[in-house]
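Enquirer: File follows, target.tsv with TSV, C-alpha atoms and all ligand atoms:
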chain	number	residue	atom	x	y	z
A	8	MET	CA	4.38	-47.46	-34.97
A	9	ILE	CA	7.95	-47.95	-36.05
A	10	PRO	CA	9.71	-51.07	-34.65
A	11	SER	CA	12.93	-50.39	-32.90
A	12	LEU	CA	16.25	-51.31	-34.51
A	13	GLU	CA	16.77	-53.95	-31.85
A	14	ALA	CA	13.51	-55.67	-32.72
A	15	LEU	CA	14.32	-55.57	-36.45
A	16	THR	CA	17.70	-57.10	-35.80
A	17	SER	CA	16.25	-59.92	-33.75
A	18	ILE	CA	13.58	-60.64	-36.40
A	19	LEU	CA	16.28	-60.67	-39.08
A	20	THR	CA	18.41	-62.97	-36.95
A	21	ILE	CA	15.56	-65.43	-36.47
A	22	PHE	CA	14.78	-65.29	-40.20
A	23	LEU	CA	18.39	-65.94	-41.13
A	24	ALA	CA	18.63	-68.77	-38.60
A	25	VAL	CA	15.54	-70.46	-40.08
A	26	VAL	CA	16.91	-70.07	-43.62
A	27	ALA	CA	20.27	-71.42	-42.52
A	28	ALA	CA	18.63	-74.39	-40.81
A	29	LEU	CA	16.59	-75.14	-43.91
A	30	LEU	CA	19.68	-74.90	-46.11
A	31	ILE	CA	21.60	-77.21	-43.79
A	32	ALA	CA	18.70	-79.66	-43.84
A	33	LEU	CA	18.67	-79.50	-47.64
A	34	TRP	CA	22.43	-79.96	-47.75
A	35	LEU	CA	22.29	-82.99	-45.45
A	36	SER	CA	19.41	-84.56	-47.36
A	37	LEU	CA	21.28	-84.08	-50.65
A	38	ILE	CA	24.31	-85.85	-49.15
A	39	ILE	CA	22.11	-88.74	-47.98
A	40	TRP	CA	20.37	-88.84	-51.36
A	41	ALA	CA	23.72	-88.95	-53.20
A	42	LEU	CA	24.94	-91.71	-50.92
A	43	ARG	CA	21.77	-93.77	-51.44
A	44	ASP	CA	21.74	-93.14	-55.18
A	45	MET	CA	25.37	-94.20	-55.51
A	46	ARG	CA	24.70	-97.32	-53.42
A	47	ALA	CA	22.02	-98.25	-55.95
A	48	ARG	CA	24.51	-97.78	-58.77
A	49	SER	CA	27.77	-99.13	-57.40
A	50	ARG	CA	28.86	-101.71	-54.86
A	51	ASP	CA	32.21	-99.94	-54.41
A	52	PRO	CA	32.22	-98.31	-50.91
A	53	PHE	CA	34.90	-95.85	-52.04
A	54	ALA	CA	32.69	-94.62	-54.90
A	55	GLN	CA	29.76	-94.25	-52.48
A	56	PHE	CA	31.94	-92.25	-50.08
A	57	LEU	CA	33.28	-90.11	-52.92
A	58	ALA	CA	29.77	-89.24	-54.14
A	59	ALA	CA	28.72	-88.15	-50.64
A	60	LEU	CA	31.93	-86.20	-50.19
A	61	LEU	CA	31.49	-84.43	-53.55
A	62	VAL	CA	27.96	-83.30	-52.68
A	63	ALA	CA	29.05	-82.34	-49.15
A	64	ALA	CA	32.08	-80.33	-50.25
A	65	LEU	CA	30.41	-78.52	-53.16
A	66	PRO	CA	26.78	-78.04	-52.05
A	67	VAL	CA	25.21	-76.94	-55.37
A	68	VAL	CA	27.86	-77.64	-57.98
A	69	GLY	CA	28.61	-81.04	-56.45
A	70	ILE	CA	25.15	-82.38	-57.15
A	71	ILE	CA	25.40	-81.25	-60.80
A	72	ILE	CA	28.82	-82.87	-61.16
A	73	TYR	CA	27.41	-86.01	-59.55
A	74	PHE	CA	24.52	-86.10	-62.03
A	75	ILE	CA	27.00	-85.87	-64.91
A	76	LEU	CA	29.44	-88.45	-63.60
A	77	ARG	CA	27.23	-91.04	-61.93
A	78	PRO	CA	26.91	-94.50	-63.54
A	79	PRO	CA	24.07	-94.34	-66.07
A	80	GLU	CA	22.15	-97.33	-64.75
A	81	THR	CA	21.43	-98.78	-61.35
A	82	LEU	CA	22.59	-102.23	-60.33
A	83	ILE	CA	19.02	-103.54	-60.71
A	84	GLU	CA	18.76	-102.07	-64.21
A	85	ALA	CA	22.14	-103.55	-65.14
A	86	TYR	CA	21.07	-106.92	-63.76
A	87	GLU	CA	17.79	-106.84	-65.70
A	88	ARG	CA	19.61	-105.87	-68.89
A	89	ALA	CA	22.06	-108.74	-68.39
A	90	LEU	CA	19.13	-111.13	-67.95
A	91	GLU	CA	17.49	-109.83	-71.12
A	92	GLU	CA	20.73	-110.19	-73.07
A	93	GLU	CA	21.18	-113.72	-71.77
A	94	ALA	CA	17.63	-114.65	-72.76
A	95	LEU	CA	18.20	-113.17	-76.21
A	96	LEU	CA	21.47	-115.07	-76.61
A	97	GLN	CA	19.79	-118.28	-75.52
A	98	GLU	CA	17.05	-117.72	-78.09
A	99	ILE	CA	19.66	-117.24	-80.80
A	100	GLU	CA	21.50	-120.35	-79.66
A	101	GLU	CA	18.28	-122.34	-79.71
A	102	ARG	CA	17.75	-121.42	-83.35
A	103	PRO	CA	21.02	-122.41	-84.98
A	104	ALA	CA	22.11	-120.74	-88.18
A	105	CYS	CA	23.86	-122.38	-91.12
A	106	PRO	CA	27.57	-121.49	-91.05
A	107	GLY	CA	27.52	-121.31	-94.84
A	108	CYS	CA	24.55	-119.05	-95.61
A	109	SER	CA	23.48	-117.87	-92.09
A	110	ARG	CA	19.90	-118.98	-92.68
A	111	THR	CA	18.00	-120.58	-89.79
A	112	VAL	CA	18.30	-124.35	-89.83
A	113	GLU	CA	16.86	-127.12	-87.70
A	114	LYS	CA	19.00	-128.85	-85.08
A	115	ASN	CA	18.48	-132.27	-86.63
A	116	TRP	CA	19.42	-131.42	-90.20
A	117	LEU	CA	22.46	-133.11	-91.71
A	118	LEU	CA	22.87	-130.66	-94.55
A	119	CYS	CA	21.75	-127.12	-95.18
A	120	PRO	CA	19.01	-127.32	-97.82
A	121	TYR	CA	19.90	-123.88	-99.13
A	122	CYS	CA	23.66	-124.02	-99.64
A	123	HIS	CA	24.48	-127.74	-99.08
A	124	THR	CA	26.84	-127.02	-96.19
A	125	ARG	CA	27.22	-130.04	-93.92
A	126	LEU	CA	25.70	-129.22	-90.54
A	127	ARG	CA	25.90	-132.53	-88.67
A	128	LYS	CA	27.01	-136.10	-89.15
A	129	ALA	CA	25.29	-139.34	-88.21
A	130	CYS	CA	26.84	-141.99	-85.99
A	131	ARG	CA	27.43	-145.14	-87.99
A	132	ASP	CA	26.32	-147.42	-85.12
A	133	CYS	CA	23.27	-145.73	-83.58
A	134	ASN	CA	22.49	-143.13	-86.25
A	135	ALA	CA	22.43	-140.35	-83.65
A	136	LEU	CA	23.23	-136.87	-84.93
A	137	LEU	CA	26.66	-135.62	-83.90
A	138	ALA	CA	28.40	-132.29	-84.17
A	139	LEU	CA	31.00	-132.25	-86.92
A	140	ASN	CA	33.96	-131.84	-84.56
A	141	TRP	CA	33.09	-134.78	-82.29
A	142	ASN	CA	35.24	-137.86	-82.76
A	143	LEU	CA	33.17	-140.15	-80.56
A	144	CYS	CA	29.47	-140.74	-80.17
A	145	PRO	CA	28.17	-139.69	-76.72
A	146	TYR	CA	24.94	-141.65	-77.25
A	147	CYS	CA	26.28	-145.18	-77.92
A	148	GLY	CA	29.94	-144.84	-76.98
A	149	ASN	CA	31.22	-145.49	-80.47
A	150	GLN	CA	34.78	-144.16	-80.45
A	151	LYS	CA	35.40	-144.68	-84.14
A	152	VAL	CA	33.47	-141.71	-85.42
A	153	ASP	CA	35.08	-140.36	-88.53
A	154	PRO	CA	36.57	-136.95	-87.97
A	155	TYR	CA	35.01	-134.35	-90.14
A	156	THR	CA	36.97	-133.51	-93.27
A	157	ALA	CA	36.28	-131.10	-96.06
A	158	GLY	CA	36.40	-133.99	-98.51
A	159	ALA	CA	33.49	-135.68	-96.78
A	160	VAL	CA	31.31	-132.69	-97.49
A	161	THR	CA	32.18	-132.67	-101.16
A	162	ALA	CA	31.57	-136.40	-101.36
A	163	SER	CA	28.23	-136.18	-99.58
A	164	VAL	CA	27.12	-133.25	-101.65
A	165	MET	CA	28.09	-135.16	-104.77
A	166	VAL	CA	26.13	-138.16	-103.54
A	167	GLN	CA	23.15	-135.91	-102.99
A	168	GLU	CA	23.44	-134.52	-106.46
A	169	GLN	CA	23.73	-137.95	-108.02
A	170	VAL	CA	20.33	-138.85	-106.61
A	171	ASP	CA	18.82	-136.54	-109.16
A	172	PRO	CA	18.35	-138.07	-112.57
A	173	VAL	CA	21.51	-137.19	-114.38
A	174	ALA	CA	20.12	-135.76	-117.49
A	175	GLU	CA	23.28	-134.06	-118.65
A	176	ASP	CA	25.44	-137.17	-118.64
A	177	GLU	CA	22.97	-139.28	-120.55
A	178	PRO	CA	24.18	-139.89	-124.00
A	179	GLU	CA	22.30	-138.27	-126.76
A	180	PRO	CA	19.72	-140.52	-128.31
A	181	ASP	CA	21.35	-142.67	-130.90
A	182	VAL	CA	19.13	-141.44	-133.58
A	183	GLU	CA	21.43	-140.18	-136.18
A	184	PRO	CA	20.17	-137.24	-138.04
A	185	VAL	CA	18.60	-138.62	-141.08
A	186	GLU	CA	20.00	-136.69	-143.87
A	187	GLU	CA	17.88	-136.95	-146.84
A	188	THR	CA	20.41	-137.68	-149.47
A	189	THR	CA	19.34	-137.62	-152.95
A	190	ASP	CA	21.68	-140.32	-154.15
A	191	ASP	CA	19.21	-141.99	-156.39
B	201	ZN	ZN	23.28	-122.84	-95.72
B	202	ZN	ZN	26.36	-143.71	-81.76
Take the structure in the file and write it out as structure tokens.

Expert:
Amino acid sequence: MIPSLEALTSILTIFLAVVAALLIALWLSLIIWALRDMRARSRDPFAQFLAALLVAALPVVGIIIYFILRPPETLIEAYERALEEEALLQEIEERPACPGCSRTVEKNWLLCPYCHTRLRKACRDCNALLALNWNLCPYCGNQKVDPYTAGAVTASVMVQEQVDPVAEDEPEPDVEPVEETTDD
């Protein structure tokens, strides 16, 4: 039995209508997806609107363009990365480095043991450790803290060096070389 042309046309019409409905549903869901995705990536309402408009105006190409142009990370990812960076920075700050040789030093060291750079200074009144650029002591209120000068470092380093037994400056033993003279 051969279906009539009228029946074929109506079947084709129904088929096309279903396909069109599915495509419209897909199109709408892509617009909603783009809007949601952009809301996760940007707080800017204009950018969110633009993403939805792009996908709506260019149904297939728009989604590809959106994938290329969208911000690479979501707001949550950006926030987590910022937290990680902050934690890393804090860790670096907690382990101070010598400004002279960049090696890790302790917070309570006066001098760098590797390169003799002065790291901190001690308050004359309470002996608390102060940063070099402080000109008062926050612990005891001493306002007569010596400002840091380059000369102080040299002097302190020299003092440190003088602690060592100064072998080089010691005069030679007074034993004169006994020259065996045959003056007999
Ligand atoms: Zn050093
Ligand atoms: Zn003090």

Enquirer: Neighbours of ligand ZN 202 (chain B) at 6 Å or closer, counting all atoms listed in the file: which residues, as a list in words?

Expert: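 Using all atoms listed in the file, everything at most 6 Å from ligand ZN 202 (chain B) comes to Cys130, Asp132, Cys133, Asn134, Ala135, Cys144, Tyr146, Cys147 and Asn149 of chain A.
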
Enquirer: Could you list, as a ChimeraX atom specification, every residue within 7 Å of segment 57-70 of chain A, counting only C-alpha atoms and ignoring same-chain residues fewer than 5 positions away?

Expert: /A:34,38,41-42,45

Enquirer: Using 8 Å as the limit and counting only C-alpha atoms and all ligand atoms, can you tabulate each residue of chain A that touches ligand ZN 201 (chain B), with its shortest atom-to-atom distance in Å and the two atoms involved, as CSV?

Expert:
residue,atom,partner,partner_atom,distance
A:Ala104,CA,B:ZN201,ZN,7.9
A:Cys105,CA,B:ZN201,ZN,4.7
A:Pro106,CA,B:ZN201,ZN,6.5
A:Gly107,CA,B:ZN201,ZN,4.6
A:Cys108,CA,B:ZN201,ZN,4.0
A:Ser109,CA,B:ZN201,ZN,6.2
A:Arg110,CA,B:ZN201,ZN,6.0
A:Val112,CA,B:ZN201,ZN,7.9
A:Leu118,CA,B:ZN201,ZN,7.9
A:Cys119,CA,B:ZN201,ZN,4.6
A:Pro120,CA,B:ZN201,ZN,6.5
A:Tyr121,CA,B:ZN201,ZN,4.9
A:Cys122,CA,B:ZN201,ZN,4.1
A:His123,CA,B:ZN201,ZN,6.1
A:Thr124,CA,B:ZN201,ZN,5.5

Enquirer: Using only C-alpha atoms, which protein or nucleic acid residues come within 12 Å of Leu136 of chain A? Drop anything in the same chain fewer than 3 positions from it, and give the result as an mmCIF file with C-alpha atoms, keeping the file's coordinate frame.

Expert:
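This is the output file around-v3.cif:
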data_model
loop_
_atom_site.group_PDB
_atom_site.id
_atom_site.type_symbol
_atom_site.label_atom_id
_atom_site.label_comp_id
_atom_site.auth_asym_id
_atom_site.auth_seq_id
_atom_site.Cartn_x
_atom_site.Cartn_y
_atom_site.Cartn_z
ATOM 1 C CA GLU A 113 16.860 -127.120 -87.700
ATOM 2 C CA LYS A 114 19.000 -128.850 -85.080
ATOM 3 C CA ASN A 115 18.480 -132.270 -86.630
ATOM 4 C CA TRP A 116 19.420 -131.420 -90.200
ATOM 5 C CA LEU A 117 22.460 -133.110 -91.710
ATOM 6 C CA LEU A 118 22.870 -130.660 -94.550
ATOM 7 C CA ARG A 125 27.220 -130.040 -93.920
ATOM 8 C CA LEU A 126 25.700 -129.220 -90.540
ATOM 9 C CA ARG A 127 25.900 -132.530 -88.670
ATOM 10 C CA LYS A 128 27.010 -136.100 -89.150
ATOM 11 C CA ALA A 129 25.290 -139.340 -88.210
ATOM 12 C CA CYS A 130 26.840 -141.990 -85.990
ATOM 13 C CA ARG A 131 27.430 -145.140 -87.990
ATOM 14 C CA ASP A 132 26.320 -147.420 -85.120
ATOM 15 C CA CYS A 133 23.270 -145.730 -83.580
ATOM 16 C CA LEU A 139 31.000 -132.250 -86.920
ATOM 17 C CA ASN A 140 33.960 -131.840 -84.560
ATOM 18 C CA TRP A 141 33.090 -134.780 -82.290
ATOM 19 C CA LEU A 143 33.170 -140.150 -80.560
ATOM 20 C CA CYS A 144 29.470 -140.740 -80.170
ATOM 21 C CA PRO A 145 28.170 -139.690 -76.720
ATOM 22 C CA TYR A 146 24.940 -141.650 -77.250
ATOM 23 C CA CYS A 147 26.280 -145.180 -77.920
ATOM 24 C CA VAL A 152 33.470 -141.710 -85.420
#

Enquirer: In Å, rounded to a single decimal, give me how far atom CA of Leu35 of chain A is from atom CA of Arg50 of chain A.

Expert: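 Here the two named atoms are 22.0 Å from each other.
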
Enquirer: State, in Å with one decimal place, the distance from atom CA of Ser36 of chain A to atom CA of Glu87 of chain A.

Expert: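 It comes out at 28.9 Å.
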
Enquirer: In Å to one decimal, how far is atom CA of Thr111 of chain A from atom CA of Glu92 of chain A?

Expert: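 Interatomic distance here is 19.9 Å.
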
Enquirer: Need the axis-aligned box for segment 14-19 of chain A with 8 Å each side, so what are the centre and edges in Å to one decimal, as JSON?

Expert:
{"center_x": 15.6, "center_y": -58.1, "center_z": -35.9, "size_x": 20.2, "size_y": 21.1, "size_z": 22.4}

Enquirer: Choose the residue, out of A:Gln55, A:Asp153, A:Val26, A:Glu80, that has the smallest atom-to-atom separation from Trp40 of chain A; count all atoms listed in the file.

Expert: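 Smallest separation from Trp40 of chain A among the options: A:Gln55.
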
Enquirer: With all atoms listed in the file as the counted atoms, please give the residues lying no more than 12 Å from Pro79 of chain A, apart from itself and same-chain residues fewer than 5 positions off, as a ChimeraX atom specification.

Expert: /A:44-45,47-49,73-74,84-85
